[in-house]
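A short worksheet on the structure shown next.
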Amino acid sequence: MQTKRTAVINRRAQKTPTKLPASLSLVPRAVKLNPIASSGPPPSFDRHPLLRKLSVGKSSQEYNADESVFSQGDAADAVFFVQSGKVKLTVVSTHGKEAVVAILPVGSFFGEGCLSGQPLRLATATATTDCVITRLDKATVIRVLHDEPKFSEMFLTYILARNARVEEDLVDQLFNSSEKRLARLLLLMANFGKEGRPEPVIAKISQETLAEMVGTTRSRVSFFMNKFRKLGFIEYNGDLKVHNSLLNVVLHDNPGLRR
């Protein structure tokens, strides 16, 4: 009797597929990046109280949309923090070609290259909306990094996360089509894959800026945006609303999605 029961249990075990943990996923041999990178500082440490405690080496200033914070080639002598609004980083080549490096949301640091000995700014920082930005002198940041372990840990985590994002953006440029690059950018801007809930409605951004960030032409961006809208991946009437179904473009090499 015991033998028959054991045989039944063994047969059931053979029919039941083994479910892998969510952390174990099959990765194809081809180069593949994390489609929606999780970047930014950990939410467990609030840096605002620390910044408010600083009495010297700190100043805050309001910027209007399209107003420059610093320009490429300026002296690099401070780190900046976005208290409100968004900031765009752009670079211009010697031939006058401009490219958007990043759009930085609230809670972002920028200009930290001065801490590694960078004498001049390698990019131009421009407010894309009305902003409040805190400027921290280089010496002040170095002192806080030495004296405040929690701030040092948070700052290091933030920089490493952003460096990882830059590497993924580079891989994206090298190996993915312009259609996938645009889809990934829209999902990142809508906060998909990051900590916290997605914010599917994206602040107004021009197709020219999207084209500069993706590395393609405005006409191609316009074509793909119309295509995403027809497929129901986005709603695009002035404001831009992104649906999580847009992940299909990034995660799957579906011939039906291509032109």
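Naming scheme: A, B, ... for chains in displayed order of the structure tokens; residues 1 onward per chain; ligands 1 onward as shown.
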(request) May I have the residues within 6 Å of Ala123 (chain A) as number ranges by chain, using only C-alpha atoms and disregarding those fewer than 5 positions away in the same chain? (result) A: 72, 90-91
(request) Name the closest residue to Leu51 (chain A) among the candidates A:Asp130, A:Asp169, A:Glu148, A:Glu179; distances are taken between atoms, counting only C-alpha atoms. (result) A:Glu148
(request) Enumerate, as a PyMOL selection string, the complete set of residues in region 75-250 of chain A that a backbone-based DSSP assignment places in alpha helix (DSSP H). (result) chain A and resi 138-147+149-175+178-189+207-214+218-230+247-250
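You can rank A:Glu98, A:Asp77, A:Glu168, A:Asp137 by their closest distance to Ser60 (chain A) using only C-alpha atoms, and at the top of that list sits A:Asp137.
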(request) Rank nothing, just name the residue among A:Val87, A:Ala65, A:Ile133, A:Val101 nearest to Arg162 (chain A), using only C-alpha atoms. (result) A:Val101
(request) Rank A:Leu174, A:Phe110, A:Asp147, A:Leu186 by their smallest atom-to-atom distance to Glu235 (chain A), using only C-alpha atoms, and report the top residue only. (result)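 For Glu235 (chain A), the nearest of the given residues is A:Leu186.
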(message) I need the residue nearest Val141 (chain A) from this list: A:Arg165, A:Lys204, A:Lys58, A:Lys180. Use only C-alpha atoms for the distance.
(response)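 Residue with the minimum atom-to-atom distance to Val141 (chain A): A:Lys58.
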(message) I need the residue nearest Val214 (chain A) from this list: A:Val166, A:Leu182, A:Val132, A:Ile234. Use only C-alpha atoms for the distance.
(response) A:Leu182
(request) Taking the DSSP assignment computed from this structure's backbone, write out as a PyMOL selection string all residues of region 46-154 of chain A that belong to strand (DSSP E or B). (result) chain A and resi 58-63+68-70+75+78-84+87-92+98-104+109-110+120+124-127+131-137
For those residues, write N, CA and C atoms to a file as a compact mmCIF listing (two decimals), in the first residue's frame.
# COMPACT_ATOMS: atom_id res chain seq x y z
N LYS A 58 26.51 77.38 1.08
CA LYS A 58 25.27 76.94 0.44
C LYS A 58 24.43 78.15 0.09
N SER A 59 23.79 78.07 -1.08
CA SER A 59 22.85 79.12 -1.49
C SER A 59 21.80 78.50 -2.40
N SER A 60 20.60 79.04 -2.34
CA SER A 60 19.50 78.56 -3.18
C SER A 60 19.05 79.67 -4.10
N GLN A 61 18.63 79.28 -5.30
CA GLN A 61 18.22 80.27 -6.28
C GLN A 61 17.08 79.72 -7.12
N GLU A 62 16.16 80.60 -7.49
CA GLU A 62 15.06 80.22 -8.37
C GLU A 62 15.48 80.47 -9.82
N TYR A 63 15.11 79.54 -10.68
CA TYR A 63 15.41 79.65 -12.11
C TYR A 63 14.11 79.53 -12.89
N SER A 68 19.72 79.22 -17.88
CA SER A 68 20.93 78.42 -17.71
C SER A 68 21.42 78.47 -16.27
N VAL A 69 21.80 77.29 -15.73
CA VAL A 69 22.40 77.20 -14.40
C VAL A 69 23.91 77.36 -14.52
N PHE A 70 24.50 76.64 -15.44
CA PHE A 70 25.90 76.86 -15.83
C PHE A 70 26.09 76.38 -17.26
N ALA A 75 33.88 77.39 -15.06
CA ALA A 75 34.68 76.79 -13.99
C ALA A 75 33.82 75.85 -13.16
N ALA A 78 31.42 73.81 -7.84
CA ALA A 78 30.30 73.58 -6.94
C ALA A 78 29.47 72.40 -7.42
N VAL A 79 28.70 71.84 -6.48
CA VAL A 79 27.74 70.78 -6.78
C VAL A 79 26.34 71.38 -6.61
N PHE A 80 25.41 70.96 -7.42
CA PHE A 80 24.05 71.51 -7.39
C PHE A 80 23.04 70.42 -7.04
N PHE A 81 21.95 70.84 -6.43
CA PHE A 81 20.89 69.91 -6.02
C PHE A 81 19.55 70.48 -6.45
N VAL A 82 18.72 69.66 -7.10
CA VAL A 82 17.42 70.10 -7.60
C VAL A 82 16.38 69.96 -6.49
N GLN A 83 15.94 71.09 -5.94
CA GLN A 83 14.90 71.07 -4.91
C GLN A 83 13.51 70.95 -5.51
N SER A 84 13.29 71.61 -6.64
CA SER A 84 12.01 71.51 -7.34
C SER A 84 12.26 71.77 -8.82
N VAL A 87 15.91 69.71 -14.58
CA VAL A 87 17.08 70.32 -15.21
C VAL A 87 17.55 69.44 -16.36
N LYS A 88 17.92 70.08 -17.46
CA LYS A 88 18.42 69.36 -18.64
C LYS A 88 19.92 69.57 -18.77
N LEU A 89 20.66 68.48 -19.01
CA LEU A 89 22.09 68.55 -19.26
C LEU A 89 22.33 68.31 -20.74
N THR A 90 23.04 69.23 -21.38
CA THR A 90 23.34 69.12 -22.81
C THR A 90 24.82 69.33 -23.06
N VAL A 91 25.31 68.74 -24.15
CA VAL A 91 26.70 68.95 -24.57
C VAL A 91 26.68 69.38 -26.03
N VAL A 92 27.67 70.18 -26.40
CA VAL A 92 27.80 70.65 -27.77
C VAL A 92 29.18 70.26 -28.29
N GLU A 98 24.43 69.53 -30.91
CA GLU A 98 24.02 69.46 -29.51
C GLU A 98 23.32 68.14 -29.21
N ALA A 99 23.58 67.59 -28.03
CA ALA A 99 22.94 66.35 -27.60
C ALA A 99 22.49 66.50 -26.15
N VAL A 100 21.31 65.96 -25.85
CA VAL A 100 20.80 65.97 -24.48
C VAL A 100 21.35 64.76 -23.75
N VAL A 101 22.06 64.99 -22.66
CA VAL A 101 22.66 63.92 -21.88
C VAL A 101 21.66 63.33 -20.90
N ALA A 102 20.90 64.20 -20.23
CA ALA A 102 19.97 63.71 -19.21
C ALA A 102 18.95 64.78 -18.88
N ILE A 103 17.79 64.32 -18.38
CA ILE A 103 16.79 65.19 -17.76
C ILE A 103 16.74 64.79 -16.29
N LEU A 104 17.11 65.72 -15.41
CA LEU A 104 17.24 65.42 -13.98
C LEU A 104 16.01 65.87 -13.22
N PHE A 109 21.37 65.36 -7.87
CA PHE A 109 22.59 66.15 -7.82
C PHE A 109 23.15 66.27 -9.23
N PHE A 110 23.84 67.36 -9.49
CA PHE A 110 24.57 67.47 -10.75
C PHE A 110 25.74 68.42 -10.56
N LEU A 120 36.70 72.29 -15.56
CA LEU A 120 35.69 73.00 -16.34
C LEU A 120 34.46 72.13 -16.53
N THR A 124 26.25 71.70 -20.30
CA THR A 124 25.45 72.87 -19.94
C THR A 124 24.20 72.39 -19.19
N ALA A 125 23.91 73.04 -18.07
CA ALA A 125 22.73 72.70 -17.28
C ALA A 125 21.69 73.81 -17.46
N THR A 126 20.48 73.42 -17.86
CA THR A 126 19.42 74.38 -18.13
C THR A 126 18.13 73.93 -17.45
N ALA A 127 17.45 74.86 -16.81
CA ALA A 127 16.15 74.55 -16.20
C ALA A 127 15.13 74.32 -17.31
N CYS A 131 12.43 76.26 -11.50
CA CYS A 131 13.19 75.41 -10.57
C CYS A 131 13.64 76.19 -9.34
N VAL A 132 13.88 75.46 -8.27
CA VAL A 132 14.64 75.94 -7.13
C VAL A 132 15.83 75.02 -6.99
N ILE A 133 17.02 75.59 -7.06
CA ILE A 133 18.25 74.79 -7.08
C ILE A 133 19.19 75.28 -5.99
N THR A 134 19.74 74.33 -5.25
CA THR A 134 20.70 74.65 -4.19
C THR A 134 22.11 74.45 -4.72
N ARG A 135 22.95 75.45 -4.49
CA ARG A 135 24.36 75.38 -4.89
C ARG A 135 25.21 75.11 -3.65
N LEU A 136 26.04 74.08 -3.72
CA LEU A 136 26.93 73.71 -2.61
C LEU A 136 28.37 73.86 -3.06
N ASP A 137 29.12 74.71 -2.37
CA ASP A 137 30.53 74.89 -2.70
C ASP A 137 31.26 73.56 -2.63
(request) Enter the distance from CA of Asn237 (chain A) to CA of Lys86 (chain A), in Å, rounded to one decimal. (result) 21.6 Å
(request) Using CA of Cys114 (chain A) and CA of Gly73 (chain A) as the two end points, give the distance in Å to one decimal. (result)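 Going from CA of Cys114 (chain A) over to CA of Gly73 (chain A) covers 12.4 Å.
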